[in-house]
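Participant: Handing over start15.pdb, PDB, C-alpha atoms.
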ATOM      1  CA  MET A 241      98.530 -12.397  26.213
ATOM      2  CA  GLY A 242      95.745 -10.066  27.366
ATOM      3  CA  ALA A 243      93.081 -10.782  29.933
ATOM      4  CA  SER A 244      90.446 -11.428  27.284
ATOM      5  CA  ASP A 245      92.787 -13.816  25.463
ATOM      6  CA  THR A 246      93.422 -15.663  28.707
ATOM      7  CA  LEU A 247      89.714 -15.880  29.410
ATOM      8  CA  ASP A 248      89.091 -16.999  25.855
ATOM      9  CA  SER A 249      91.639 -19.766  26.309
ATOM     10  CA  PHE A 250      90.083 -20.817  29.584
ATOM     11  CA  LEU A 251      86.602 -20.964  28.107
ATOM     12  CA  ALA A 252      87.868 -22.789  25.037
ATOM     13  CA  GLY A 253      89.389 -25.354  27.360
ATOM     14  CA  VAL A 254      86.247 -26.000  29.369
ATOM     15  CA  GLU A 255      83.473 -25.525  26.835
ATOM     16  CA  ARG A 256      83.326 -29.119  25.602
ATOM     17  CA  ARG A 257      83.244 -30.596  29.077
ATOM     18  CA  ALA A 258      80.748 -28.001  30.255
ATOM     19  CA  PHE A 259      78.548 -28.747  27.273
ATOM     20  CA  GLY A 260      78.844 -32.473  27.932
ATOM     21  CA  MET A 261      77.842 -32.032  31.567
ATOM     22  CA  ALA A 262      74.884 -29.846  30.670
ATOM     23  CA  ARG A 263      73.795 -32.220  27.900
ATOM     24  CA  VAL A 264      73.982 -35.289  30.115
ATOM     25  CA  SER A 265      72.084 -33.516  32.867
ATOM     26  CA  THR A 266      69.377 -32.023  30.670
ATOM     27  CA  GLY A 267      69.236 -34.574  27.878
ATOM     28  CA  ASP A 268      68.732 -31.653  25.500
ATOM     29  CA  PRO A 269      71.670 -30.390  23.385
ATOM     30  CA  ASP A 270      69.995 -27.061  22.622
ATOM     31  CA  ALA A 271      69.233 -26.399  26.268
ATOM     32  CA  ALA A 272      72.780 -27.442  27.124
ATOM     33  CA  LEU A 273      74.217 -24.963  24.644
ATOM     34  CA  ASP A 274      72.094 -22.162  26.106
ATOM     35  CA  ILE A 275      73.198 -23.093  29.608
ATOM     36  CA  VAL A 276      76.881 -23.119  28.669
ATOM     37  CA  GLN A 277      76.641 -19.786  26.867
ATOM     38  CA  ASP A 278      74.828 -18.272  29.839
ATOM     39  CA  ALA A 279      77.468 -19.599  32.231
ATOM     40  CA  MET A 280      80.241 -18.190  30.049
ATOM     41  CA  LEU A 281      78.528 -14.833  29.861
ATOM     42  CA  ARG A 282      78.078 -14.654  33.623
ATOM     43  CA  LEU A 283      81.703 -15.548  34.224
ATOM     44  CA  VAL A 284      82.954 -12.922  31.784
ATOM     45  CA  ARG A 285      80.671 -10.226  33.148
ATOM     46  CA  SER A 286      81.249 -10.836  36.834
ATOM     47  CA  TYR A 287      84.630 -12.490  37.258
ATOM     48  CA  ARG A 288      86.897 -11.633  34.362
ATOM     49  CA  GLY A 289      88.924  -9.458  36.719
ATOM     50  CA  ARG A 290      89.544 -12.326  39.121
ATOM     51  CA  PRO A 291      92.781 -14.341  39.062
ATOM     52  CA  ALA A 292      92.689 -17.095  36.440
ATOM     53  CA  GLU A 293      93.130 -19.833  39.028
ATOM     54  CA  GLU A 294      89.775 -18.871  40.547
ATOM     55  CA  TRP A 295      87.904 -19.304  37.283
ATOM     56  CA  PRO A 296      87.421 -23.113  37.294
ATOM     57  CA  PRO A 297      85.456 -23.356  40.569
ATOM     58  CA  LEU A 298      83.584 -20.150  39.747
ATOM     59  CA  PHE A 299      82.684 -21.335  36.277
ATOM     60  CA  TYR A 300      81.507 -24.745  37.406
ATOM     61  CA  ARG A 301      79.512 -23.176  40.200
ATOM     62  CA  ILE A 302      77.781 -20.894  37.706
ATOM     63  CA  LEU A 303      77.255 -23.834  35.372
ATOM     64  CA  GLY A 304      75.823 -25.944  38.188
ATOM     65  CA  ASN A 305      73.456 -23.197  39.207
ATOM     66  CA  ALA A 306      72.317 -22.757  35.613
ATOM     67  CA  ILE A 307      71.665 -26.493  35.301
ATOM     68  CA  THR A 308      69.791 -26.491  38.616
ATOM     69  CA  ASP A 309      67.689 -23.567  37.425
ATOM     70  CA  TRP A 310      66.883 -25.491  34.266
ATOM     71  CA  HIS A 311      65.754 -28.501  36.300
ATOM     72  CA  ARG A 312      63.616 -26.260  38.518
ATOM     73  CA  GLN A 313      61.946 -24.774  35.472
ATOM     74  CA  GLN A 314      61.323 -28.220  34.053
ATOM     75  CA  GLN A 315      59.943 -29.379  37.382
ATOM     76  CA  GLN A 316      57.611 -26.409  37.554
ATOM     77  CA  SER A 317      56.455 -27.059  33.998
ATOM     78  CA  GLY A 318      55.942 -30.716  34.885
ATOM     79  CA  LYS A 319      53.918 -29.864  37.955
ATOM     80  CA  ILE A 320      51.706 -27.545  35.952
ATOM     81  CA  PHE A 321      51.320 -30.246  33.297
ATOM     82  CA  ASP A 322      50.510 -32.869  35.929
ATOM     83  CA  ARG A 323      48.011 -30.586  37.611
ATOM     84  CA  TRP A 324      46.271 -29.975  34.307
ATOM     85  CA  PHE A 325      46.244 -33.556  33.101
ATOM     86  CA  GLY A 326      46.088 -35.447  36.415
ATOM     87  CA  SER A 327      49.306 -37.420  36.241
ATOM     88  CA  ASN A 328      50.335 -39.303  39.385
ATOM     89  CA  VAL A 329      54.044 -39.446  38.575
ATOM     90  CA  ASP A 330      56.192 -39.261  41.698
ATOM     91  CA  ASP A 331      58.729 -36.440  41.342
ATOM     92  CA  ASN A 332      61.102 -37.740  43.983
ATOM     93  CA  ASP A 333      64.558 -36.705  42.725
ATOM     94  CA  ASP A 334      66.324 -39.143  44.977
ATOM     95  CA  ALA A 335      64.323 -42.188  43.972
ATOM     96  CA  MET A 336      67.530 -43.772  42.700
ATOM     97  CA  ASP A 337      68.906 -43.722  46.228
ATOM     98  CA  SER A 338      66.455 -46.417  47.272
ATOM     99  CA  LEU A 339      67.684 -48.909  44.676
ATOM    100  CA  PRO A 340      69.579 -51.739  46.322
ATOM    101  CA  LEU A 341      73.056 -52.652  45.179
ATOM    102  CA  PRO A 342      72.755 -55.983  43.373
ATOM    103  CA  ALA A 343      74.191 -58.744  45.501
ATOM    104  CA  GLY A 344      77.091 -60.771  44.216
ATOM    105  CA  GLN A 345      78.258 -58.222  41.639
ATOM    106  CA  GLN A 346      81.998 -57.823  41.435
ATOM    107  CA  PRO A 347      83.857 -54.779  40.109
ATOM    108  CA  GLU A 348      85.196 -56.885  37.235
ATOM    109  CA  GLN A 349      81.696 -57.234  35.918
ATOM    110  CA  LEU A 350      81.508 -53.495  35.651
ATOM    111  CA  VAL A 351      84.521 -53.106  33.390
ATOM    112  CA  ASP A 352      82.585 -53.120  30.167
ATOM    113  CA  ILE A 353      79.830 -50.944  31.444
ATOM    114  CA  GLY A 354      81.699 -47.746  30.716
ATOM    115  CA  GLN A 355      82.003 -48.706  27.061
ATOM    116  CA  ASN A 356      78.369 -48.033  26.664
ATOM    117  CA  ILE A 357      78.487 -44.320  27.101
ATOM    118  CA  ALA A 358      74.839 -43.915  26.288
ATOM    119  CA  ALA A 359      73.904 -46.159  29.196
ATOM    120  CA  ALA A 360      76.278 -44.278  31.467
ATOM    121  CA  GLU A 361      74.848 -40.933  30.441
ATOM    122  CA  ALA A 362      71.320 -42.211  30.972
ATOM    123  CA  ALA A 363      72.264 -43.445  34.420
ATOM    124  CA  ILE A 364      73.836 -40.087  35.320
ATOM    125  CA  ASN A 365      70.797 -38.314  33.947
ATOM    126  CA  ALA A 366      68.615 -40.334  36.333
ATOM    127  CA  LEU A 367      70.474 -38.998  39.378
ATOM    128  CA  SER A 368      69.148 -36.044  41.292
ATOM    129  CA  PRO A 369      70.617 -32.718  40.091
ATOM    130  CA  ARG A 370      72.773 -32.367  43.215
ATOM    131  CA  GLN A 371      74.110 -35.894  42.869
ATOM    132  CA  GLN A 372      74.793 -35.260  39.198
ATOM    133  CA  GLN A 373      76.702 -32.117  40.070
ATOM    134  CA  ALA A 374      78.785 -33.819  42.738
ATOM    135  CA  PHE A 375      79.500 -36.787  40.499
ATOM    136  CA  MET A 376      80.399 -34.761  37.432
ATOM    137  CA  LEU A 377      82.683 -32.393  39.309
ATOM    138  CA  ARG A 378      84.438 -35.140  41.270
ATOM    139  CA  CYS A 379      84.623 -37.847  38.647
ATOM    140  CA  TRP A 380      84.351 -36.129  35.255
ATOM    141  CA  GLN A 381      86.122 -32.877  36.037
ATOM    142  CA  GLY A 382      88.463 -34.441  38.584
ATOM    143  CA  PHE A 383      87.973 -31.868  41.339
ATOM    144  CA  THR A 384      88.978 -32.777  44.871
ATOM    145  CA  THR A 385      86.298 -32.941  47.532
ATOM    146  CA  ALA A 386      87.291 -29.456  48.709
ATOM    147  CA  GLU A 387      87.173 -28.029  45.177
ATOM    148  CA  THR A 388      83.832 -29.673  44.542
ATOM    149  CA  ALA A 389      82.483 -28.237  47.786
ATOM    150  CA  ALA A 390      83.685 -24.777  46.772
ATOM    151  CA  ALA A 391      82.097 -25.135  43.333
ATOM    152  CA  MET A 392      78.823 -26.393  44.778
ATOM    153  CA  GLY A 393      78.708 -23.957  47.660
ATOM    154  CA  CYS A 394      78.323 -26.656  50.313
ATOM    155  CA  THR A 395      80.413 -28.515  52.857
ATOM    156  CA  GLU A 396      82.840 -31.276  52.049
ATOM    157  CA  GLY A 397      80.679 -33.644  54.086
ATOM    158  CA  THR A 398      77.736 -32.930  51.831
ATOM    159  CA  VAL A 399      79.871 -33.573  48.775
ATOM    160  CA  LYS A 400      81.009 -36.906  50.171
ATOM    161  CA  THR A 401      77.442 -37.936  50.895
ATOM    162  CA  LEU A 402      76.154 -36.866  47.489
ATOM    163  CA  TYR A 403      79.045 -38.490  45.671
ATOM    164  CA  SER A 404      78.680 -41.728  47.594
ATOM    165  CA  ARG A 405      74.964 -41.874  46.825
ATOM    166  CA  ALA A 406      75.627 -41.098  43.190
ATOM    167  CA  LEU A 407      78.158 -43.908  42.857
ATOM    168  CA  HIS A 408      75.838 -46.281  44.662
ATOM    169  CA  SER A 409      73.001 -45.488  42.274
ATOM    170  CA  LEU A 410      75.196 -45.638  39.180
ATOM    171  CA  ARG A 411      76.645 -48.957  40.177
ATOM    172  CA  ALA A 412      73.188 -50.356  40.775
ATOM    173  CA  THR A 413      71.775 -49.033  37.530
ATOM    174  CA  LEU A 414      74.677 -49.981  35.309
ATOM    175  CA  THR A 415      75.030 -53.422  36.847
ATOM    176  CA  ALA A 416      71.349 -54.049  36.238
ATOM    177  CA  GLU A 417      71.845 -52.908  32.632
ATOM    178  CA  THR A 418      74.631 -55.434  32.218
ATOM    179  CA  ALA A 419      72.583 -58.238  33.710
ATOM    180  CA  THR A 420      69.738 -57.761  31.223
TER     181      THR A 420
ATOM    182  CA  MET B 156      91.051 -43.161  41.542
ATOM    183  CA  SER B 157      90.826 -46.662  42.882
ATOM    184  CA  ASN B 158      87.314 -47.606  41.926
ATOM    185  CA  ASP B 159      86.986 -49.335  38.560
ATOM    186  CA  LEU B 160      83.584 -47.879  37.920
ATOM    187  CA  GLU B 161      84.798 -44.355  38.541
ATOM    188  CA  THR B 162      87.818 -44.865  36.304
ATOM    189  CA  GLN B 163      85.746 -46.326  33.518
ATOM    190  CA  LEU B 164      83.164 -43.591  33.675
ATOM    191  CA  GLN B 165      85.769 -40.850  33.799
ATOM    192  CA  GLU B 166      87.537 -42.191  30.729
ATOM    193  CA  GLN B 167      84.332 -42.620  28.798
ATOM    194  CA  LEU B 168      82.935 -39.231  29.698
ATOM    195  CA  ARG B 169      86.173 -37.459  28.847
ATOM    196  CA  SER B 170      86.552 -39.287  25.569
ATOM    197  CA  SER B 171      82.999 -38.279  24.659
ATOM    198  CA  GLU B 172      84.198 -34.668  24.613
ATOM    199  CA  ASP B 173      86.317 -35.463  21.559
ATOM    200  CA  HIS B 174      83.405 -36.836  19.603
ATOM    201  CA  LEU B 175      81.333 -33.707  19.228
ATOM    202  CA  ASP B 176      80.353 -33.101  15.622
ATOM    203  CA  ALA B 177      81.549 -30.076  13.654
ATOM    204  CA  PRO B 178      78.264 -28.146  13.720
ATOM    205  CA  MET B 179      78.056 -28.436  17.491
ATOM    206  CA  LEU B 180      81.671 -27.352  17.866
ATOM    207  CA  ALA B 181      80.928 -24.344  15.664
ATOM    208  CA  ARG B 182      77.913 -23.470  17.810
ATOM    209  CA  LEU B 183      80.014 -23.762  20.950
ATOM    210  CA  HIS B 184      82.680 -21.536  19.421
ATOM    211  CA  ALA B 185      80.054 -18.966  18.457
ATOM    212  CA  ALA B 186      78.523 -19.112  21.922
ATOM    213  CA  ARG B 187      81.925 -18.431  23.479
ATOM    214  CA  ASN B 188      82.518 -15.478  21.191
ATOM    215  CA  ARG B 189      79.075 -14.066  21.968
ATOM    216  CA  ALA B 190      79.722 -14.400  25.687
ATOM    217  CA  LEU B 191      83.116 -12.725  25.421
ATOM    218  CA  ASP B 192      81.786  -9.902  23.259
ATOM    219  CA  ALA B 193      78.761  -9.238  25.420
ATOM    220  CA  GLY B 194      80.541  -9.697  28.705
ATOM    221  CA  SER B 195      83.458  -7.435  27.905
ATOM    222  CA  GLY B 196      81.199  -4.723  26.514
ATOM    223  CA  HIS B 197      82.975  -4.479  23.175
ATOM    224  CA  ARG B 198      79.741  -4.853  21.348
ATOM    225  CA  GLU B 199      76.132  -4.907  22.308
ATOM    226  CA  PRO B 200      74.744  -8.149  20.874
ATOM    227  CA  ARG B 201      71.144  -7.179  21.504
ATOM    228  CA  TRP B 202      71.458  -4.534  18.805
ATOM    229  CA  ARG B 203      73.340  -6.821  16.491
ATOM    230  CA  GLY B 204      70.558  -9.309  16.165
ATOM    231  CA  ASN B 205      67.623  -7.037  16.711
ATOM    232  CA  TRP B 206      67.436  -5.165  13.436
ATOM    233  CA  LEU B 207      63.742  -4.527  13.903
ATOM    234  CA  THR B 208      64.331  -2.413  17.001
ATOM    235  CA  ALA B 209      67.099  -0.472  15.298
ATOM    236  CA  THR B 210      64.954   0.145  12.226
ATOM    237  CA  ALA B 211      62.015   1.287  14.326
ATOM    238  CA  ALA B 212      64.232   3.669  16.287
ATOM    239  CA  ALA B 213      65.698   5.113  13.091
ATOM    240  CA  GLY B 214      62.217   5.520  11.637
ATOM    241  CA  ALA B 215      60.963   7.283  14.740
ATOM    242  CA  ALA B 216      63.951   9.628  14.656
ATOM    243  CA  ALA B 217      63.336  10.407  10.981
ATOM    244  CA  ILE B 218      59.650  11.161  11.637
ATOM    245  CA  ALA B 219      60.547  13.406  14.553
ATOM    246  CA  LEU B 220      63.033  15.274  12.363
ATOM    247  CA  VAL B 221      60.484  15.775   9.579
ATOM    248  CA  VAL B 222      57.867  17.034  12.028
ATOM    249  CA  ALA B 223      60.372  19.432  13.580
ATOM    250  CA  VAL B 224      61.447  20.815  10.208
ATOM    251  CA  ARG B 225      57.891  21.220   8.990
ATOM    252  CA  GLN B 226      56.735  22.910  12.176
ATOM    253  CA  PRO B 227      56.118  26.677  11.480
ATOM    254  CA  ALA B 228      58.183  29.054  13.543
ATOM    255  CA  ASP B 229      56.433  30.851  16.425
ATOM    256  CA  THR B 230      56.939  34.253  14.838
ATOM    257  CA  GLY B 231      55.576  33.153  11.495
ATOM    258  CA  GLN B 232      58.645  34.570   9.787
ATOM    259  CA  LEU B 233      61.298  32.756   7.825
ATOM    260  CA  ALA B 234      64.957  33.177   8.474
ATOM    261  CA  ALA B 235      66.448  35.843   6.250
ATOM    262  CA  ALA B 236      68.669  33.472   4.323
ATOM    263  CA  GLU B 237      65.831  31.061   3.710
ATOM    264  CA  PHE B 238      63.591  33.886   2.612
ATOM    265  CA  GLU B 239      66.229  35.176   0.262
ATOM    266  CA  SER B 240      66.805  31.799  -1.327
ATOM    267  CA  THR B 241      63.072  31.419  -1.789
ATOM    268  CA  LEU B 242      62.894  34.776  -3.546
ATOM    269  CA  LEU B 243      65.830  33.946  -5.754
ATOM    270  CA  ALA B 244      64.195  30.716  -6.772
ATOM    271  CA  ALA B 245      60.934  32.500  -7.380
ATOM    272  CA  ALA B 246      62.681  35.021  -9.618
ATOM    273  CA  GLY B 247      63.717  32.218 -11.900
ATOM    274  CA  ASN B 248      60.583  30.117 -11.730
ATOM    275  CA  ASN B 249      58.055  32.943 -11.631
ATOM    276  CA  GLU B 250      56.564  31.218  -8.611
ATOM    277  CA  ILE B 251      57.140  31.135  -4.872
ATOM    278  CA  ILE B 252      57.040  27.733  -3.180
ATOM    279  CA  SER B 253      56.544  27.863   0.528
ATOM    280  CA  PRO B 254      59.462  26.236   2.316
ATOM    281  CA  VAL B 255      57.031  25.293   5.080
ATOM    282  CA  THR B 256      54.225  23.664   3.143
ATOM    283  CA  ASP B 257      55.975  23.032  -0.198
ATOM    284  CA  GLU B 258      52.908  24.619  -1.823
ATOM    285  CA  PRO B 259      52.885  27.669  -4.171
ATOM    286  CA  VAL B 260      52.331  30.871  -2.254
ATOM    287  CA  ASN B 261      49.296  32.862  -3.435
ATOM    288  CA  GLY B 262      50.094  36.143  -5.140
ATOM    289  CA  GLY B 263      53.628  35.189  -6.004
ATOM    290  CA  GLY B 264      53.274  35.347  -9.738
ATOM    291  CA  ASN B 265      55.182  38.268 -11.149
ATOM    292  CA  ALA B 266      58.929  37.888 -11.648
ATOM    293  CA  ASP B 267      59.559  41.624 -11.878
ATOM    294  CA  GLU B 268      57.850  42.180  -8.562
ATOM    295  CA  MET B 269      59.981  39.478  -7.058
ATOM    296  CA  LEU B 270      63.158  41.129  -8.322
ATOM    297  CA  ASP B 271      62.058  44.472  -6.879
ATOM    298  CA  LEU B 272      61.378  42.780  -3.592
ATOM    299  CA  LEU B 273      64.796  41.182  -3.674
ATOM    300  CA  GLU B 274      66.513  44.481  -4.408
ATOM    301  CA  ASN B 275      64.746  46.081  -1.462
ATOM    302  CA  LEU B 276      65.387  43.203   0.867
ATOM    303  CA  ASP B 277      67.857  45.201   2.967
ATOM    304  CA  PHE B 278      65.222  47.886   3.407
ATOM    305  CA  TYR B 279      62.602  45.396   4.583
ATOM    306  CA  GLU B 280      65.095  43.809   6.970
ATOM    307  CA  TRP B 281      65.921  47.249   8.435
ATOM    308  CA  LEU B 282      62.211  47.967   8.734
ATOM    309  CA  SER B 283      61.648  44.729  10.602
ATOM    310  CA  GLN B 284      64.464  45.520  13.039
ATOM    311  CA  GLU B 285      63.098  49.027  13.642
ATOM    312  CA  ALA B 286      59.659  47.647  14.400
ATOM    313  CA  THR B 287      61.121  45.155  16.846
ATOM    314  CA  ALA B 288      63.165  47.839  18.593
ATOM    315  CA  GLU B 289      60.127  50.074  19.050
ATOM    316  CA  GLN B 290      58.078  47.374  20.768
ATOM    317  CA  PRO B 291      57.621  48.096  24.505
ATOM    318  CA  THR B 292      59.486  45.677  26.755
TER     319      THR B 292
END
Please express what this file holds, its structure, as structure tokens.
Facilitator:
Amino acid sequence: MGASDTLDSFLAGVERRAFGMARVSTGDPDAALDIVQDAMLRLVRSYRGRPAEEWPPLFYRILGNAITDWHRQQQQSGKIFDRWFGSNVDDNDDAMDSLPLPAGQQPEQLVDIGQNIAAAEAAINALSPRQQQAFMLRCWQGFTTAETAAAMGCTEGTVKTLYSRALHSLRATLTAETAT
Amino acid sequence: MSNDLETQLQEQLRSSEDHLDAPMLARLHAARNRALDAGSGHREPRWRGNWLTATAAAGAAAIALVVAVRQPADTGQLAAAEFESTLLAAAGNNEIISPVTDEPVNGGGNADEMLDLLENLDFYEWLSQEATAEQPT
């Protein structure tokens, strides 16, 4: 099996998950497809000569950066739009962090929450981009804290903080969804 | 993973990967192929999709070629072979067509004169070389 075949196999193995992550984060399938293709292209161009075991963290780092860039562009567009039309929307990315965890909720009550994938995706989409990245790499992809830190280009402590905040927000949001 | 919420979300998110529709899977497959092709340098995808650029470049090259061919030589003389072929054609058609302008050349009407000219072509070529050799350097 040649290098390109190996890379093809790697990309074939991650493309669905990468697309899912990008789609959940952006809420736009077309944008997600562009992001995934761009991430694939960057990996092939810059890292195809690297050992195959280095590809996963590299690929997810590229993907995360591409998603972050997309959010920045959207934020810039939103700011321009707000400036033109006088919106007073607060752009605080970490607004979800301030939501309190509903008192008296037990983990058992959360069991059925995951069955509503649309609600879960909406809740993930409401996280800040960094929290999304930490959550998706740790929970969805199954990276360790160290692998997630390598993929995100930050310390393990930062990953733990971001992941903890993400879980806190998701639990609060999804529990509230169940209660209504 | 000990947390129920994490487990539930992981299962749901991973199972969602298996529920992509066929058109989206085809688009993903095509995106992967494009990335591999472009990234490995086997093909240049910008040319593949941009037929307008390629057509414009080909058109510009064709125009440049036509202009170059139709440009008269600095000496105002035709190459010997080209001149000979022109005379041969004129002998048959009773007319000389300029290879430069594609227009009939004035005074080129008589076929007999053209044949005489053709027979003496070696003489005229020798004369031209003599004149060139006598020019001061």
Participant: Counting all atoms listed in the file, which residues in chain A sit no more than 6 Å from chain B? For each one, give the nearest pair of atoms and the distance in Å, sorted by chain then residue number, as CSV.
Facilitator:
residue,atom,partner,partner_atom,distance
A:Arg256,CA,B:Glu172,CA,5.7
A:Gln277,CA,B:Ala186,CA,5.3
A:Met280,CA,B:Ala190,CA,5.8
A:Leu281,CA,B:Ala190,CA,4.4
A:Val284,CA,B:Gly194,CA,5.1
A:Arg285,CA,B:Gly194,CA,4.5
A:Gly354,CA,B:Gln163,CA,5.1
A:Cys379,CA,B:Gln165,CA,5.8
A:Trp380,CA,B:Gln165,CA,5.1
Participant: Which value, in Å to one decimal, gives the distance between atom CA of Ile357 of chain A and atom CA of Gly318 of chain A?
Facilitator: 27.5 Å
Participant: Could you jot down the atom CA of Trp295 of chain A to atom CA of Ala262 of chain A separation for me, Å, one decimal place?
Facilitator: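 Computed distance, atom CA of Trp295 of chain A to atom CA of Ala262 of chain A, equals 18.0 Å.
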Participant: What does the distance between atom CA of Ala292 of chain A and atom CA of Ala177 of chain B come to in Å, to one decimal place?
Facilitator: 28.5 Å
Participant: As a check of understanding, name the residues that the PyMOL selection byres ((chain A and resi 366) around 10) selects in the supplied structure, as a list in words.
Facilitator: Val264, Ser265, Asp333, Asp334, Ala335, Met336, Ala360, Glu361, Ala362, Ala363, Ile364, Asn365, Leu367, Ser368, Pro369, Gln371, Gln372, Ala406, Ser409, Leu410 and Thr413 of chain A
Participant: Can you write out the residues you just picked, keeping C-alpha atoms, as an mmCIF file, in the coordinates of the input?
Facilitator:
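File written: again-v5.cif
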data_model
loop_
_atom_site.group_PDB
_atom_site.id
_atom_site.type_symbol
_atom_site.label_atom_id
_atom_site.label_comp_id
_atom_site.auth_asym_id
_atom_site.auth_seq_id
_atom_site.Cartn_x
_atom_site.Cartn_y
_atom_site.Cartn_z
ATOM 1 C CA VAL A 264 73.982 -35.289 30.115
ATOM 2 C CA SER A 265 72.084 -33.516 32.867
ATOM 3 C CA ASP A 333 64.558 -36.705 42.725
ATOM 4 C CA ASP A 334 66.324 -39.143 44.977
ATOM 5 C CA ALA A 335 64.323 -42.188 43.972
ATOM 6 C CA MET A 336 67.530 -43.772 42.700
ATOM 7 C CA ALA A 360 76.278 -44.278 31.467
ATOM 8 C CA GLU A 361 74.848 -40.933 30.441
ATOM 9 C CA ALA A 362 71.320 -42.211 30.972
ATOM 10 C CA ALA A 363 72.264 -43.445 34.420
ATOM 11 C CA ILE A 364 73.836 -40.087 35.320
ATOM 12 C CA ASN A 365 70.797 -38.314 33.947
ATOM 13 C CA LEU A 367 70.474 -38.998 39.378
ATOM 14 C CA SER A 368 69.148 -36.044 41.292
ATOM 15 C CA PRO A 369 70.617 -32.718 40.091
ATOM 16 C CA GLN A 371 74.110 -35.894 42.869
ATOM 17 C CA GLN A 372 74.793 -35.260 39.198
ATOM 18 C CA ALA A 406 75.627 -41.098 43.190
ATOM 19 C CA SER A 409 73.001 -45.488 42.274
ATOM 20 C CA LEU A 410 75.196 -45.638 39.180
ATOM 21 C CA THR A 413 71.775 -49.033 37.530
#
Participant: When the PyMOL selection byres ((chain A and resi 297) around 9) is applied to the file above, which residues end up in the set, as a count of residues only?
Facilitator: 15
Participant: Return the single residue from A:Ala306, A:Arg290, A:Met376, A:Ser244 that is closest to Gly260 of chain A, with distances computed using all atoms listed in the file.
Facilitator: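 Going through A:Ala306, A:Arg290, A:Met376, A:Ser244 one by one, the smallest distance to Gly260 of chain A is for A:Met376.
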